[in-house]
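> Okay, so here is work_8.txt, and as you'll see once you scroll down, it has compact mmCIF, C-alpha atoms.
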```
# COMPACT_ATOMS: atom_id res chain seq x y z
CA MET A 101 26.45 31.66 -20.91
CA GLU A 102 26.27 28.52 -18.75
CA GLN A 103 26.08 25.21 -20.59
CA THR A 104 23.25 23.09 -19.19
CA SER A 105 23.90 19.77 -20.90
CA ASN A 106 24.16 17.00 -18.28
CA GLY A 107 25.84 14.51 -20.56
CA GLY A 108 26.02 11.20 -18.71
CA ILE A 109 25.77 12.73 -15.23
CA LEU A 110 23.17 11.02 -13.03
CA TYR A 111 20.72 12.82 -10.78
CA HIS A 112 19.84 10.87 -7.63
CA GLU A 113 17.85 11.65 -4.49
CA VAL A 114 18.45 9.79 -1.23
CA GLN A 115 15.41 8.99 0.91
CA GLU A 116 14.19 11.93 2.99
CA ALA A 117 11.30 11.28 5.39
CA ASN A 118 8.46 9.68 3.37
CA LEU A 119 9.21 11.59 0.18
CA CYS A 120 9.89 8.60 -2.08
CA ALA A 121 7.17 9.76 -4.53
CA VAL A 122 8.96 13.11 -4.88
CA HIS A 123 12.28 11.32 -5.36
CA CYS A 124 10.70 9.02 -7.93
CA VAL A 125 9.26 11.85 -10.05
CA ASN A 126 12.48 13.86 -9.93
CA THR A 127 14.70 10.95 -10.90
CA VAL A 128 12.35 10.16 -13.80
CA LEU A 129 12.88 13.76 -14.94
CA GLN A 130 16.57 13.70 -13.90
CA GLY A 131 16.47 16.94 -11.99
CA PRO A 132 14.93 18.56 -8.87
CA PHE A 133 11.79 19.70 -10.66
CA PHE A 134 9.21 18.95 -7.94
CA SER A 135 9.04 19.44 -4.17
CA GLU A 136 6.76 17.76 -1.64
CA PHE A 137 4.65 20.92 -1.66
CA ASP A 138 4.20 20.70 -5.43
CA LEU A 139 2.90 17.13 -5.16
CA ALA A 140 0.71 18.07 -2.19
CA ALA A 141 -0.81 20.83 -4.35
CA VAL A 142 -1.46 18.33 -7.16
CA ALA A 143 -3.10 15.97 -4.65
CA SER A 144 -5.27 18.79 -3.30
CA ASP A 145 -6.36 19.73 -6.82
CA LEU A 146 -7.29 16.11 -7.59
CA ASP A 147 -9.22 15.87 -4.31
CA GLY A 148 -11.13 19.02 -5.23
CA LYS A 149 -12.09 17.68 -8.64
CA GLU A 150 -13.18 14.36 -7.17
CA ARG A 151 -15.27 16.14 -4.53
CA GLN A 152 -16.94 18.21 -7.24
CA VAL A 153 -17.89 15.07 -9.16
CA MET A 154 -19.28 13.52 -5.98
CA LEU A 155 -21.18 16.71 -5.17
CA GLU A 156 -22.78 16.88 -8.60
CA GLY A 157 -23.73 13.21 -8.43
CA SER A 158 -25.21 13.61 -4.96
CA VAL A 159 -27.32 16.63 -5.93
CA ALA A 160 -28.54 14.77 -9.01
CA GLY A 161 -29.61 11.91 -6.75
CA THR A 162 -27.55 9.30 -8.60
CA PHE A 163 -25.69 8.31 -5.43
CA SER A 164 -24.81 9.47 -1.94
CA ALA A 165 -21.38 11.02 -1.51
CA GLY A 166 -21.45 11.13 2.29
CA ASP A 167 -19.14 8.15 2.68
CA PHE A 168 -16.66 9.62 0.20
CA PHE A 169 -16.44 12.92 2.06
CA SER A 170 -16.09 11.26 5.44
CA GLU A 171 -12.87 9.58 4.35
CA GLU A 172 -9.37 11.03 4.22
CA SER A 173 -7.78 12.26 1.01
CA HIS A 174 -7.71 9.63 -1.73
CA ASN A 175 -4.51 11.07 -3.21
CA VAL A 176 -2.17 11.59 -0.25
CA SER A 177 -1.96 9.92 3.14
CA LEU A 178 -1.03 11.61 6.40
CA GLY A 179 2.27 9.75 6.14
CA GLY A 180 3.06 11.41 2.82
CA ASP A 181 2.35 8.56 0.39
CA PHE A 182 0.95 9.89 -2.89
CA SER A 183 -1.34 8.07 -5.32
CA ILE A 184 -0.32 7.08 -8.84
CA GLN A 185 -2.77 9.74 -10.08
CA VAL A 186 -0.62 12.42 -8.42
CA LEU A 187 2.53 11.12 -10.09
CA GLN A 188 0.71 10.95 -13.43
CA LYS A 189 -0.51 14.54 -13.16
CA ALA A 190 2.93 15.79 -12.14
CA LEU A 191 4.58 14.12 -15.13
CA GLU A 192 1.85 15.37 -17.47
CA VAL A 193 3.29 18.84 -16.88
CA TRP A 194 6.22 17.62 -18.98
CA ASN A 195 3.93 15.91 -21.51
CA LEU A 196 4.88 12.50 -20.19
CA GLN A 197 2.38 9.65 -20.10
CA VAL A 198 2.28 6.98 -17.39
CA ILE A 199 0.69 3.63 -18.32
CA PRO A 200 0.61 0.26 -16.51
CA LEU A 201 3.09 -2.29 -17.81
CA ASN A 202 0.39 -4.99 -17.75
CA CYS A 203 -2.02 -3.20 -20.11
CA PRO A 204 -2.39 -4.27 -23.79
CA ASP A 205 -0.78 -1.05 -25.06
CA ALA A 206 2.39 -1.96 -23.17
CA GLU A 207 2.90 -5.35 -24.83
CA PRO A 208 6.04 -4.23 -26.75
CA ALA A 209 7.63 -3.15 -23.45
CA GLN A 210 6.74 -6.48 -21.86
CA ILE A 211 8.63 -8.26 -24.63
CA ASP A 212 11.56 -5.86 -24.83
CA PRO A 213 11.76 -3.31 -21.96
CA GLU A 214 15.00 -1.97 -23.43
CA LEU A 215 12.84 -0.10 -25.97
CA GLU A 216 11.55 2.19 -23.19
CA ASN A 217 13.20 5.03 -21.28
CA ALA A 218 11.76 4.86 -17.76
CA PHE A 219 9.70 2.70 -15.43
CA ILE A 220 7.97 3.60 -12.16
CA CYS A 221 7.67 0.88 -9.52
CA HIS A 222 5.34 0.83 -6.50
CA LEU A 223 4.71 -1.52 -3.60
CA HIS A 224 2.90 -0.66 -0.35
CA ASP A 225 4.04 2.91 0.39
CA HIS A 226 7.27 3.01 -1.62
CA TRP A 227 7.96 4.43 -5.09
CA PHE A 228 11.13 4.34 -7.17
CA CYS A 229 12.11 4.61 -10.81
CA ILE A 230 14.28 2.71 -13.25
CA ARG A 231 15.66 5.08 -15.85
CA LYS A 232 17.80 5.01 -18.96
CA VAL A 233 20.45 7.73 -18.96
CA ASN A 234 22.91 8.17 -21.80
CA GLY A 235 22.00 4.72 -23.14
CA GLU A 236 22.55 2.93 -19.82
CA TRP A 237 19.93 1.70 -17.34
CA TYR A 238 20.00 2.59 -13.64
CA ASN A 239 17.93 1.80 -10.58
CA PHE A 240 17.25 5.15 -8.88
CA ASP A 241 15.66 3.79 -5.70
CA SER A 242 16.00 6.48 -3.04
CA LEU A 243 16.81 3.80 -0.44
CA LEU A 244 20.09 3.27 -2.27
CA ALA A 245 23.02 5.58 -1.66
CA ALA A 246 23.51 6.04 -5.41
CA PRO A 247 22.02 4.85 -8.70
CA GLN A 248 22.65 1.15 -9.38
CA HIS A 249 23.69 0.29 -12.93
CA LEU A 250 21.60 -2.41 -14.63
CA SER A 251 22.86 -4.25 -17.69
CA LYS A 252 20.46 -4.52 -20.61
CA PHE A 253 20.24 -8.26 -20.02
CA TYR A 254 19.54 -7.86 -16.29
CA LEU A 255 16.88 -5.16 -16.86
CA SER A 256 14.30 -7.68 -18.05
CA ALA A 257 15.07 -10.13 -15.24
CA PHE A 258 14.92 -7.31 -12.70
CA LEU A 259 11.47 -6.19 -13.86
CA ASP A 260 10.22 -9.79 -13.91
CA SER A 261 11.47 -10.28 -10.35
CA LEU A 262 9.73 -7.11 -9.17
CA ARG A 263 6.45 -8.14 -10.79
CA GLY A 264 6.75 -11.60 -9.26
CA SER A 265 7.19 -9.95 -5.86
CA GLY A 266 3.97 -7.99 -6.21
CA TRP A 267 5.29 -4.63 -7.39
CA SER A 268 3.10 -2.50 -9.68
CA ILE A 269 5.12 -1.25 -12.65
CA PHE A 270 4.31 1.64 -14.96
CA ILE A 271 5.97 2.84 -18.16
CA VAL A 272 6.74 6.52 -18.62
CA LYS A 273 6.50 7.61 -22.26
CA GLY A 274 7.15 10.91 -24.01
CA ASN A 275 9.92 13.44 -24.58
CA PHE A 276 11.95 13.65 -21.40
CA PRO A 277 13.76 16.85 -20.33
CA GLN A 278 17.25 16.72 -21.78
CA GLU A 279 18.91 19.41 -19.70
CA CYS A 280 18.99 20.76 -16.18
CA PRO A 281 21.47 23.42 -14.97
CA LEU A 282 23.76 21.54 -12.61
CA SER A 283 25.24 24.63 -10.96
CA SER A 284 22.03 26.62 -10.64
CA SER A 285 20.86 27.43 -7.12
CA GLU A 286 17.44 26.20 -8.23
CA ALA A 287 18.90 22.78 -9.07
CA SER A 288 19.08 21.69 -5.45
CA ASN A 289 16.42 20.63 -2.97
CA GLY A 290 18.66 19.55 -0.12
CA PHE A 291 18.61 15.82 -0.80
CA GLY A 292 19.48 15.58 -4.50
CA GLN A 293 22.96 14.93 -5.83
CA TRP A 294 24.70 14.81 -9.20
CA LEU A 295 27.01 11.83 -9.74
CA SER A 296 29.10 10.45 -12.54
CA PRO A 297 28.54 6.73 -13.22
CA GLU A 298 31.96 6.03 -11.75
CA ASP A 299 31.19 7.99 -8.57
CA ALA A 300 27.86 6.17 -8.23
CA GLU A 301 29.56 2.78 -8.52
CA ARG A 302 32.20 3.70 -5.94
CA LEU A 303 29.59 5.02 -3.53
CA LEU A 304 27.50 1.85 -3.79
CA LYS A 305 30.55 -0.31 -3.16
CA THR A 306 31.50 1.82 -0.18
CA THR A 307 28.07 1.54 1.41
CA GLY A 308 27.77 -2.14 0.57
CA ALA A 309 24.41 -1.54 -1.14
CA VAL A 310 24.93 -3.96 -4.04
CA ARG A 311 24.99 -7.74 -3.64
CA SER A 312 27.71 -9.56 -5.47
CA SER A 313 25.62 -12.62 -6.33
CA ASN A 314 22.63 -12.97 -8.63
CA SER A 315 20.79 -15.25 -6.22
CA SER A 316 18.98 -12.28 -4.68
CA ALA A 317 16.95 -11.87 -7.89
CA THR A 318 15.04 -15.04 -6.95
CA GLY A 319 14.82 -14.27 -3.23
CA ASN A 320 11.89 -14.59 -0.87
CA ARG A 321 8.72 -13.54 -2.71
CA THR A 322 6.26 -14.48 -0.03
CA SER A 323 7.32 -12.19 2.79
CA GLY A 324 5.47 -8.93 3.40
CA ASN A 325 8.77 -7.23 4.15
CA VAL A 326 9.43 -4.79 1.31
CA ASP A 327 13.22 -4.94 1.46
CA GLN A 328 13.14 -8.76 1.30
CA GLN A 329 11.11 -8.50 -1.90
CA ARG A 330 13.72 -6.39 -3.63
CA PRO A 331 16.27 -8.27 -5.74
CA TYR A 332 19.12 -6.17 -4.34
CA GLU A 333 20.40 -5.12 -0.95
CA ALA A 334 18.55 -2.13 0.51
CA LEU A 335 18.02 -0.88 4.03
CA SER A 336 16.87 -3.04 6.89
CA ARG A 337 13.24 -3.06 7.94
CA GLU A 338 14.15 -1.10 11.06
CA GLU A 339 15.91 1.55 8.98
CA VAL A 340 12.92 1.84 6.64
CA ARG A 341 10.65 2.25 9.66
CA ALA A 342 12.98 4.91 11.00
CA PHE A 343 12.70 6.79 7.71
CA SER A 344 8.91 6.58 7.98
CA GLU A 345 9.03 8.29 11.36
CA MET A 346 11.10 11.20 10.06
CA GLU A 347 8.35 13.10 8.23
CA ASP A 348 9.14 16.76 7.90
CA ASP A 349 6.81 19.06 9.87
CA ASP A 350 6.28 21.24 6.81
CA LEU A 351 5.22 18.23 4.76
CA LYS A 352 2.74 17.25 7.46
CA ALA A 353 1.38 20.79 7.48
CA ALA A 354 0.94 20.81 3.70
CA ILE A 355 -0.85 17.46 3.75
CA ALA A 356 -2.99 18.49 6.70
CA ALA A 357 -4.01 21.65 4.81
CA SER A 358 -5.06 19.53 1.85
CA LEU A 359 -7.10 17.24 4.08
CA LEU A 360 -8.59 20.23 5.90
CA ASP A 361 -9.87 21.52 2.58
CA ALA A 362 -11.45 18.11 1.97
CA SER A 363 -13.12 18.18 5.39
CA ALA A 364 -14.51 21.66 4.79
CA ALA A 365 -15.92 20.54 1.46
CA GLY A 366 -17.46 17.54 3.18
CA VAL A 367 -19.26 19.81 5.64
CA ASN A 368 -20.59 21.91 2.78
CA LEU A 369 -21.76 18.80 0.99
CA GLY A 370 -23.55 17.64 4.14
CA ALA A 371 -25.40 20.94 4.29
CA VAL A 372 -26.36 20.68 0.63
CA GLY A 373 -27.51 17.10 1.10
CA THR A 374 -29.63 17.99 4.13
CA SER A 375 -31.20 20.90 2.29
CA GLN A 376 -31.94 18.68 -0.69
CA LYS A 377 -33.63 16.05 1.50
CA GLU A 378 -35.81 18.68 3.20
CA THR A 379 -36.85 20.03 -0.19
CA ASP A 380 -37.74 16.51 -1.36
CA LYS A 381 -39.87 15.95 1.77
CA GLN A 382 -41.77 19.18 1.18
CA LYS A 383 -42.55 18.00 -2.30
```
Output the structure of this file as structure tokens.


Amino acid sequence: MEQTSNGGILYHEVQEANLCAVHCVNTVLQGPFFSEFDLAAVASDLDGKERQVMLEGSVAGTFSAGDFFSEESHNVSLGGDFSIQVLQKALEVWNLQVIPLNCPDAEPAQIDPELENAFICHLHDHWFCIRKVNGEWYNFDSLLAAPQHLSKFYLSAFLDSLRGSGWSIFIVKGNFPQECPLSSSEASNGFGQWLSPEDAERLLKTTGAVRSSNSSATGNRTSGNVDQQRPYEALSREEVRAFSEMEDDDLKAAIAASLLDASAAGVNLGAVGTSQKETDKQK
């Protein structure tokens, strides 16, 4: 019987189209557990529940939901960027809780982040995770060719630098999956890879993705350019833009289907609202 223990092997996903949220969730879980279609389904479900709440409120006369239904999905953009609520719901499947680092309940992590196991970071339309694997911390940003090792001392400075640059940071708490079958055909989504820490370090050095100086940790914090706000070398702005233009047609179709459902519900709500107004007038 196949042994599924991953030991200290690292699971990393390199940026594919605008799927950084998918990469982020999977590297938190350390395995290819979710696809873009899975997250699109979660987003669609959240949209449906939000529409139902708006519908009930509109019928009750507490507020008008017309503006809400006229907008696009609140949980996924046409470009493929998912909301934090989608990531939270996806991780809840594994009984993991996502809480903001700046909330009162997270005070211990603010003082000593080493006590935690994973962080999710978000700025503009990019997500990535920082994860502890086999007692060591790694930056699993999908814009990096491989996971970047972070010393325990540097972890705190790294998080402080991200927060100072405007990144939103969340803690992931709970019992993380301990095993994923490395050789299973199901353990591959086309852009994931399993690496030993040594292989990851060699790959980063080969691609020149890691800066040799610590000065980058206090780099430009005023620029709107995402890669300038990161305290490590990533891709150029042009390369990031190129990634953004590479959305997969299937992903677009899945997102469009979700938004189509929202539009259909909006039409139904409009009919209900019109009928309700006519009834009120007759009264």

> Rounded to one decimal in Å, what is the spacing between atom CA of Val114 of chain A and atom CA of Ser242 of chain A?

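Separating atom CA of Val114 of chain A from atom CA of Ser242 of chain A is a distance of 4.5 Å.
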
> Could you work out how far atom CA of Glu298 of chain A lies from atom CA of Pro132 of chain A, giving the answer in Å with one decimal?

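Spanning atom CA of Pro132 of chain A to atom CA of Glu298 of chain A is a straight-line distance of 21.3 Å.
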
> Tell me, in Å to one decimal, how far atom CA of Ser256 of chain A is from atom CA of Glu236 of chain A.

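According to the coordinates, atom CA of Ser256 of chain A and atom CA of Glu236 of chain A are separated by 13.6 Å.
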
> Between A:Gly266, A:Gly308, A:Gly108, A:Pro277, single out the one closest to Leu223 of chain A, counting all atoms listed in the file.

A:Gly266

> May I have the residues at most 10 Å from (22.6, 3.4, -19.9) in the file's coordinates, counting only C-alpha atoms, as a ChimeraX atom specification?

/A:108,214,217,231-238,249-252,297

> Which residue out of A:Ala141, A:Ala257, A:Ile269, A:Ala245 has the minimum interatomic distance to Leu303 of chain A when all atoms listed in the file are used?

A:Ala245

> For Arg302 of chain A, which residue out of A:Ala246, A:Cys221, A:Leu259, A:Ala209 is the nearest one, using all atoms listed in the file?

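For Arg302 of chain A, the nearest of the given residues is A:Ala246.
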
> Give as a list of chain:residue names every residue, naming chains and numbers as the document does, that has an atom within 10 Å of (5.4, 2.0, -19.0), counting only C-alpha atoms.

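Result, sorted by chain then residue number: A:Gln197, A:Val198, A:Ile199, A:Pro200, A:Leu201, A:Asn202, A:Cys203, A:Asp205, A:Ala206, A:Glu207, A:Pro208, A:Ala209, A:Gln210, A:Pro213, A:Glu216, A:Asn217, A:Ala218, A:Phe219, A:Ile220, A:Cys221, A:Ile269, A:Phe270, A:Ile271, A:Val272, A:Lys273.
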
> Keeping C-alpha atoms, export the residues of the selection given above as a PDB file, in the coordinates of the input.


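Full text of part_17.pdb as output:
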```pdb
ATOM      1  CA  GLN A 197       2.380   9.650 -20.100  1.00  0.00           C
ATOM      2  CA  VAL A 198       2.280   6.980 -17.390  1.00  0.00           C
ATOM      3  CA  ILE A 199       0.690   3.630 -18.320  1.00  0.00           C
ATOM      4  CA  PRO A 200       0.610   0.260 -16.510  1.00  0.00           C
ATOM      5  CA  LEU A 201       3.090  -2.290 -17.810  1.00  0.00           C
ATOM      6  CA  ASN A 202       0.390  -4.990 -17.750  1.00  0.00           C
ATOM      7  CA  CYS A 203      -2.020  -3.200 -20.110  1.00  0.00           C
ATOM      8  CA  ASP A 205      -0.780  -1.050 -25.060  1.00  0.00           C
ATOM      9  CA  ALA A 206       2.390  -1.960 -23.170  1.00  0.00           C
ATOM     10  CA  GLU A 207       2.900  -5.350 -24.830  1.00  0.00           C
ATOM     11  CA  PRO A 208       6.040  -4.230 -26.750  1.00  0.00           C
ATOM     12  CA  ALA A 209       7.630  -3.150 -23.450  1.00  0.00           C
ATOM     13  CA  GLN A 210       6.740  -6.480 -21.860  1.00  0.00           C
ATOM     14  CA  PRO A 213      11.760  -3.310 -21.960  1.00  0.00           C
ATOM     15  CA  GLU A 216      11.550   2.190 -23.190  1.00  0.00           C
ATOM     16  CA  ASN A 217      13.200   5.030 -21.280  1.00  0.00           C
ATOM     17  CA  ALA A 218      11.760   4.860 -17.760  1.00  0.00           C
ATOM     18  CA  PHE A 219       9.700   2.700 -15.430  1.00  0.00           C
ATOM     19  CA  ILE A 220       7.970   3.600 -12.160  1.00  0.00           C
ATOM     20  CA  CYS A 221       7.670   0.880  -9.520  1.00  0.00           C
ATOM     21  CA  ILE A 269       5.120  -1.250 -12.650  1.00  0.00           C
ATOM     22  CA  PHE A 270       4.310   1.640 -14.960  1.00  0.00           C
ATOM     23  CA  ILE A 271       5.970   2.840 -18.160  1.00  0.00           C
ATOM     24  CA  VAL A 272       6.740   6.520 -18.620  1.00  0.00           C
ATOM     25  CA  LYS A 273       6.500   7.610 -22.260  1.00  0.00           C
TER      26      LYS A 273
END
```
